[in-house]
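Enquirer: Please read through the structure below; I'll follow up with questions.
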Amino acid sequence: MKRDVLCRPFAPEQIKQREGQGGKMLNYIEAHAVVARLNEACGEDGWSFEIVEHKILDEEVIVVAKLTAGTVTKMAFGGSSVTRSRDGLPMSIADDLKAAGSDALKKAASLLGVGLHLYGGTGAPAAQARPASPAPSSPNDRLTSRQLSAIQSIARRHNIGRDRMNHMLDERFGKIEVGHLSRREASSLLSELTGSNGAG
């Protein structure tokens, strides 16, 4: 296991952003970049990842996972919201569990030093990322989890990718993250998506 490779900072273009609790923007690395880093540092046969437990709640799925690299083992939780259809039914618990597994992989890998610079706030090139759009001024005005799930499921159903969705948000609301929408804006977006199948 090559610790210098595990701990090497990621390139600016590999660092993405998402909204965390309280509207705070968080830097993160996509799961495929973490897998590539583990392969580079440990060899494809030098590490293993296992989901040891999972739980399906009403609005969230949670997993406990184990990452072993060489003789070192780390465990971490991962989670993902349950994605629901317009009528409130779960779209794909399997996909939600896969997302939770990816979340757990990234967290466990960070315990080995992968992407650790993003958590410590040193050396992270966050300034090169696109500035975050403003969140609603009041937490009570933020879109609901049901609205978020509905937007995500409709976008998936109509093959609206992240770039296209971000363009729609920027063009219509001056925002680049779904999580920054107000309830009114989310309602407007849902009406547009269901009325036009995401066209435009």
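Identifiers for the structure tokens are assigned positionally: chains receive A, B, ... in sequence, residues are indexed from 1 per chain, and ligands are indexed from 1 in the order shown.
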Can you list, as a ChimeraX atom specification, every protein, DNA or RNA residue that comes within 12 Å of A:Leu89 when you count only C-alpha atoms, leaving out same-chain residues fewer than 2 positions away?
Expert: /A:58-59,82-87,91-93,146,149-150,153
Enquirer: Go ahead and write the selection's residues with N, CA, C and O atoms as a PDB file, in the first residue's frame.
Expert:
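The result, written out as out.pdb:
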```pdb
ATOM      1  N   ASP A  58     -37.830   5.051   6.079  1.00  0.00           N
ATOM      2  CA  ASP A  58     -38.876   5.668   5.264  1.00  0.00           C
ATOM      3  C   ASP A  58     -38.301   6.611   4.211  1.00  0.00           C
ATOM      4  O   ASP A  58     -38.729   6.606   3.059  1.00  0.00           O
ATOM      5  N   GLU A  59     -37.323   7.443   4.607  1.00  0.00           N
ATOM      6  CA  GLU A  59     -36.805   8.458   3.693  1.00  0.00           C
ATOM      7  C   GLU A  59     -35.323   8.302   3.385  1.00  0.00           C
ATOM      8  O   GLU A  59     -34.755   9.121   2.675  1.00  0.00           O
ATOM      9  N   VAL A  82     -34.132   8.123  -0.107  1.00  0.00           N
ATOM     10  CA  VAL A  82     -34.969   7.259  -0.936  1.00  0.00           C
ATOM     11  C   VAL A  82     -35.561   8.109  -2.054  1.00  0.00           C
ATOM     12  O   VAL A  82     -36.220   9.119  -1.790  1.00  0.00           O
ATOM     13  N   THR A  83     -35.274   7.737  -3.288  1.00  0.00           N
ATOM     14  CA  THR A  83     -35.792   8.474  -4.441  1.00  0.00           C
ATOM     15  C   THR A  83     -37.206   7.994  -4.742  1.00  0.00           C
ATOM     16  O   THR A  83     -37.439   6.790  -4.892  1.00  0.00           O
ATOM     17  N   ARG A  84     -38.132   8.942  -4.818  1.00  0.00           N
ATOM     18  CA  ARG A  84     -39.544   8.577  -5.002  1.00  0.00           C
ATOM     19  C   ARG A  84     -40.098   9.123  -6.316  1.00  0.00           C
ATOM     20  O   ARG A  84     -39.645  10.136  -6.832  1.00  0.00           O
ATOM     21  N   SER A  85     -41.100   8.430  -6.821  1.00  0.00           N
ATOM     22  CA  SER A  85     -41.792   8.861  -8.031  1.00  0.00           C
ATOM     23  C   SER A  85     -42.758   9.982  -7.689  1.00  0.00           C
ATOM     24  O   SER A  85     -42.919  10.357  -6.525  1.00  0.00           O
ATOM     25  N   ARG A  86     -43.417  10.482  -8.699  1.00  0.00           N
ATOM     26  CA  ARG A  86     -44.353  11.590  -8.500  1.00  0.00           C
ATOM     27  C   ARG A  86     -45.485  11.206  -7.536  1.00  0.00           C
ATOM     28  O   ARG A  86     -45.983  12.033  -6.784  1.00  0.00           O
ATOM     29  N   ASP A  87     -45.875   9.943  -7.552  1.00  0.00           N
ATOM     30  CA  ASP A  87     -46.952   9.512  -6.661  1.00  0.00           C
ATOM     31  C   ASP A  87     -46.442   9.044  -5.300  1.00  0.00           C
ATOM     32  O   ASP A  87     -47.191   8.479  -4.501  1.00  0.00           O
ATOM     33  N   MET A  91     -38.592   4.677  -6.204  1.00  0.00           N
ATOM     34  CA  MET A  91     -38.231   4.401  -7.598  1.00  0.00           C
ATOM     35  C   MET A  91     -37.370   3.140  -7.709  1.00  0.00           C
ATOM     36  O   MET A  91     -37.671   2.239  -8.469  1.00  0.00           O
ATOM     37  N   SER A  92     -36.262   3.116  -6.928  1.00  0.00           N
ATOM     38  CA  SER A  92     -35.361   1.972  -6.972  1.00  0.00           C
ATOM     39  C   SER A  92     -34.531   1.946  -5.692  1.00  0.00           C
ATOM     40  O   SER A  92     -33.551   2.673  -5.577  1.00  0.00           O
ATOM     41  N   ILE A  93     -34.938   1.124  -4.762  1.00  0.00           N
ATOM     42  CA  ILE A  93     -34.189   0.991  -3.515  1.00  0.00           C
ATOM     43  C   ILE A  93     -32.775   0.491  -3.807  1.00  0.00           C
ATOM     44  O   ILE A  93     -31.815   0.871  -3.143  1.00  0.00           O
ATOM     45  N   ARG A 146     -39.493  15.622  -0.333  1.00  0.00           N
ATOM     46  CA  ARG A 146     -40.375  15.013  -1.331  1.00  0.00           C
ATOM     47  C   ARG A 146     -40.214  15.705  -2.694  1.00  0.00           C
ATOM     48  O   ARG A 146     -40.193  15.044  -3.739  1.00  0.00           O
ATOM     49  N   SER A 149     -36.831  14.583  -4.151  1.00  0.00           N
ATOM     50  CA  SER A 149     -36.922  13.219  -4.679  1.00  0.00           C
ATOM     51  C   SER A 149     -37.689  13.180  -5.987  1.00  0.00           C
ATOM     52  O   SER A 149     -37.312  12.472  -6.929  1.00  0.00           O
ATOM     53  N   ALA A 150     -38.769  13.961  -6.064  1.00  0.00           N
ATOM     54  CA  ALA A 150     -39.577  13.986  -7.284  1.00  0.00           C
ATOM     55  C   ALA A 150     -38.779  14.561  -8.455  1.00  0.00           C
ATOM     56  O   ALA A 150     -38.813  14.031  -9.574  1.00  0.00           O
ATOM     57  N   SER A 153     -36.196  11.949  -9.571  1.00  0.00           N
ATOM     58  CA  SER A 153     -36.765  10.798 -10.269  1.00  0.00           C
ATOM     59  C   SER A 153     -37.251  11.177 -11.665  1.00  0.00           C
ATOM     60  O   SER A 153     -37.071  10.419 -12.614  1.00  0.00           O
TER      61      SER A 153
END
```
Enquirer: Could you name the residues that touch A:Ala41 at 6 Å or less, counting only C-alpha atoms, but leaving out those on the same chain fewer than 5 positions away, as a PyMOL selection string?
Expert: chain A and resi 1-2+5-6
Enquirer: Extract, using only C-alpha atoms, all DNA, RNA and protein residues at most 7 Å from A:Ala31, discarding same-chain residues fewer than 3 positions from it, and format them as a compact mmCIF listing (two decimals) with C-alpha atoms, in the first residue's frame.
Expert:
```txt
# COMPACT_ATOMS: atom_id res chain seq x y z
CA VAL A 34 -11.69 6.94 -5.26
CA VAL A 35 -11.67 3.45 -6.82
CA SER A 102 -20.55 4.74 -2.76
CA LYS A 106 -15.60 7.39 0.01
```
Enquirer: Nearest to A:Ile160: which of A:Leu26, A:Leu193, A:Leu111, A:Ala100 is it, counting only C-alpha atoms?
Expert: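 Of the candidates, the smallest distance to A:Ile160 is held by A:Leu193.
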Enquirer: Within 10 Å of A:Thr73, counting only C-alpha atoms, which residues show up once you throw out same-chain ones fewer than 3 positions away? Write them as a list of chain:residue names, please.
Expert: A:Trp47, A:Ser48, A:Phe49, A:Lys66, A:Leu67, A:Thr68, A:Ala69, A:Gly70, A:Ala108, A:Ala109, A:Leu111, A:Leu112
Enquirer: Keeping only all heavy atoms, write the selected residues as a PDB file, in the first residue's frame.
Expert:
```pdb
ATOM      1  N   TRP A  47      -6.942  -4.557  -2.368  1.00  0.00           N
ATOM      2  CA  TRP A  47      -7.948  -3.975  -1.475  1.00  0.00           C
ATOM      3  C   TRP A  47      -9.300  -4.618  -1.748  1.00  0.00           C
ATOM      4  O   TRP A  47      -9.535  -5.181  -2.817  1.00  0.00           O
ATOM      5  CB  TRP A  47      -8.031  -2.452  -1.642  1.00  0.00           C
ATOM      6  CG  TRP A  47      -8.547  -1.974  -2.972  1.00  0.00           C
ATOM      7  CD1 TRP A  47      -7.841  -1.872  -4.138  1.00  0.00           C
ATOM      8  CD2 TRP A  47      -9.874  -1.541  -3.278  1.00  0.00           C
ATOM      9  NE1 TRP A  47      -8.637  -1.404  -5.155  1.00  0.00           N
ATOM     10  CE2 TRP A  47      -9.900  -1.191  -4.656  1.00  0.00           C
ATOM     11  CE3 TRP A  47     -11.040  -1.423  -2.535  1.00  0.00           C
ATOM     12  CZ2 TRP A  47     -11.051  -0.715  -5.287  1.00  0.00           C
ATOM     13  CZ3 TRP A  47     -12.187  -0.953  -3.168  1.00  0.00           C
ATOM     14  CH2 TRP A  47     -12.184  -0.606  -4.528  1.00  0.00           C
ATOM     15  N   SER A  48     -10.183  -4.545  -0.766  1.00  0.00           N
ATOM     16  CA  SER A  48     -11.530  -5.093  -0.933  1.00  0.00           C
ATOM     17  C   SER A  48     -12.524  -4.212  -0.187  1.00  0.00           C
ATOM     18  O   SER A  48     -12.165  -3.507   0.765  1.00  0.00           O
ATOM     19  CB  SER A  48     -11.609  -6.532  -0.416  1.00  0.00           C
ATOM     20  OG  SER A  48     -11.369  -6.568   0.992  1.00  0.00           O
ATOM     21  N   PHE A  49     -13.773  -4.258  -0.645  1.00  0.00           N
ATOM     22  CA  PHE A  49     -14.827  -3.433  -0.065  1.00  0.00           C
ATOM     23  C   PHE A  49     -16.063  -4.307   0.100  1.00  0.00           C
ATOM     24  O   PHE A  49     -16.432  -5.054  -0.802  1.00  0.00           O
ATOM     25  CB  PHE A  49     -15.125  -2.243  -0.983  1.00  0.00           C
ATOM     26  CG  PHE A  49     -16.209  -1.348  -0.486  1.00  0.00           C
ATOM     27  CD1 PHE A  49     -16.010  -0.518   0.613  1.00  0.00           C
ATOM     28  CD2 PHE A  49     -17.446  -1.309  -1.117  1.00  0.00           C
ATOM     29  CE1 PHE A  49     -17.007   0.316   1.081  1.00  0.00           C
ATOM     30  CE2 PHE A  49     -18.460  -0.479  -0.658  1.00  0.00           C
ATOM     31  CZ  PHE A  49     -18.240   0.332   0.444  1.00  0.00           C
ATOM     32  N   LYS A  66     -17.134  -2.071   5.027  1.00  0.00           N
ATOM     33  CA  LYS A  66     -15.773  -2.366   5.471  1.00  0.00           C
ATOM     34  C   LYS A  66     -14.834  -2.287   4.271  1.00  0.00           C
ATOM     35  O   LYS A  66     -15.056  -2.934   3.249  1.00  0.00           O
ATOM     36  CB  LYS A  66     -15.721  -3.759   6.098  1.00  0.00           C
ATOM     37  CG  LYS A  66     -14.334  -4.174   6.565  1.00  0.00           C
ATOM     38  CD  LYS A  66     -14.379  -5.464   7.391  1.00  0.00           C
ATOM     39  CE  LYS A  66     -14.752  -6.653   6.552  1.00  0.00           C
ATOM     40  NZ  LYS A  66     -14.683  -7.930   7.314  1.00  0.00           N
ATOM     41  N   LEU A  67     -13.795  -1.482   4.414  1.00  0.00           N
ATOM     42  CA  LEU A  67     -12.767  -1.337   3.383  1.00  0.00           C
ATOM     43  C   LEU A  67     -11.455  -1.878   3.942  1.00  0.00           C
ATOM     44  O   LEU A  67     -11.001  -1.445   5.004  1.00  0.00           O
ATOM     45  CB  LEU A  67     -12.604   0.132   2.991  1.00  0.00           C
ATOM     46  CG  LEU A  67     -11.447   0.469   2.043  1.00  0.00           C
ATOM     47  CD1 LEU A  67     -11.649  -0.191   0.684  1.00  0.00           C
ATOM     48  CD2 LEU A  67     -11.324   1.986   1.880  1.00  0.00           C
ATOM     49  N   THR A  68     -10.873  -2.846   3.245  1.00  0.00           N
ATOM     50  CA  THR A  68      -9.596  -3.424   3.656  1.00  0.00           C
ATOM     51  C   THR A  68      -8.563  -3.151   2.577  1.00  0.00           C
ATOM     52  O   THR A  68      -8.784  -3.439   1.398  1.00  0.00           O
ATOM     53  CB  THR A  68      -9.722  -4.941   3.888  1.00  0.00           C
ATOM     54  OG1 THR A  68     -10.703  -5.180   4.901  1.00  0.00           O
ATOM     55  CG2 THR A  68      -8.393  -5.535   4.330  1.00  0.00           C
ATOM     56  N   ALA A  69      -7.441  -2.564   2.992  1.00  0.00           N
ATOM     57  CA  ALA A  69      -6.329  -2.291   2.082  1.00  0.00           C
ATOM     58  C   ALA A  69      -5.071  -2.852   2.726  1.00  0.00           C
ATOM     59  O   ALA A  69      -4.633  -2.352   3.773  1.00  0.00           O
ATOM     60  CB  ALA A  69      -6.189  -0.802   1.832  1.00  0.00           C
ATOM     61  N   GLY A  70      -4.519  -3.912   2.136  1.00  0.00           N
ATOM     62  CA  GLY A  70      -3.380  -4.568   2.757  1.00  0.00           C
ATOM     63  C   GLY A  70      -3.817  -5.191   4.077  1.00  0.00           C
ATOM     64  O   GLY A  70      -4.761  -5.974   4.125  1.00  0.00           O
ATOM     65  N   ALA A 108     -14.881   5.630   4.065  1.00  0.00           N
ATOM     66  CA  ALA A 108     -13.887   4.675   4.549  1.00  0.00           C
ATOM     67  C   ALA A 108     -12.515   4.958   3.933  1.00  0.00           C
ATOM     68  O   ALA A 108     -11.489   4.894   4.619  1.00  0.00           O
ATOM     69  CB  ALA A 108     -14.337   3.247   4.232  1.00  0.00           C
ATOM     70  N   ALA A 109     -12.498   5.287   2.639  1.00  0.00           N
ATOM     71  CA  ALA A 109     -11.230   5.597   1.972  1.00  0.00           C
ATOM     72  C   ALA A 109     -10.584   6.846   2.561  1.00  0.00           C
ATOM     73  O   ALA A 109      -9.355   6.940   2.650  1.00  0.00           O
ATOM     74  CB  ALA A 109     -11.465   5.775   0.469  1.00  0.00           C
ATOM     75  N   LEU A 111     -10.535   7.595   5.581  1.00  0.00           N
ATOM     76  CA  LEU A 111      -9.855   7.167   6.803  1.00  0.00           C
ATOM     77  C   LEU A 111      -8.471   6.601   6.504  1.00  0.00           C
ATOM     78  O   LEU A 111      -7.628   6.495   7.396  1.00  0.00           O
ATOM     79  CB  LEU A 111     -10.703   6.137   7.548  1.00  0.00           C
ATOM     80  CG  LEU A 111     -12.085   6.615   7.997  1.00  0.00           C
ATOM     81  CD1 LEU A 111     -12.873   5.470   8.628  1.00  0.00           C
ATOM     82  CD2 LEU A 111     -11.975   7.790   8.955  1.00  0.00           C
ATOM     83  N   LEU A 112      -8.236   6.245   5.234  1.00  0.00           N
ATOM     84  CA  LEU A 112      -6.913   5.812   4.787  1.00  0.00           C
ATOM     85  C   LEU A 112      -6.103   6.974   4.221  1.00  0.00           C
ATOM     86  O   LEU A 112      -4.948   6.791   3.848  1.00  0.00           O
ATOM     87  CB  LEU A 112      -7.037   4.717   3.724  1.00  0.00           C
ATOM     88  CG  LEU A 112      -7.606   3.373   4.172  1.00  0.00           C
ATOM     89  CD1 LEU A 112      -7.823   2.466   2.966  1.00  0.00           C
ATOM     90  CD2 LEU A 112      -6.680   2.714   5.181  1.00  0.00           C
TER      91      LEU A 112
END
```
Enquirer: Which residues are near stretch 113-117 of chain A? Cut-off 12 Å, only C-alpha atoms, ignore same chain within fewer than 4 positions. Put them as a ChimeraX atom specification.
Expert: /A:1-12,14-16,27-31,33-41,69,74,105-109,121-126
Enquirer: Identify all residues of stretch 12-152 of chain A in strand (DSSP E) (DSSP on the backbone) and supply them as number ranges by chain.
Expert: A: 15-19, 25-29, 47-56, 60-69, 72-81
Enquirer: Atom CA of A:Ala155 and atom CA of A:Ser191, how far apart in Å?
Expert: 12.6 Å
Enquirer: To one decimal in Å, tell me the separation between atom CA of A:Met165 and atom CA of A:Glu177.
Expert: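 Straight-line distance from atom CA of A:Met165 to atom CA of A:Glu177 works out to 8.7 Å.
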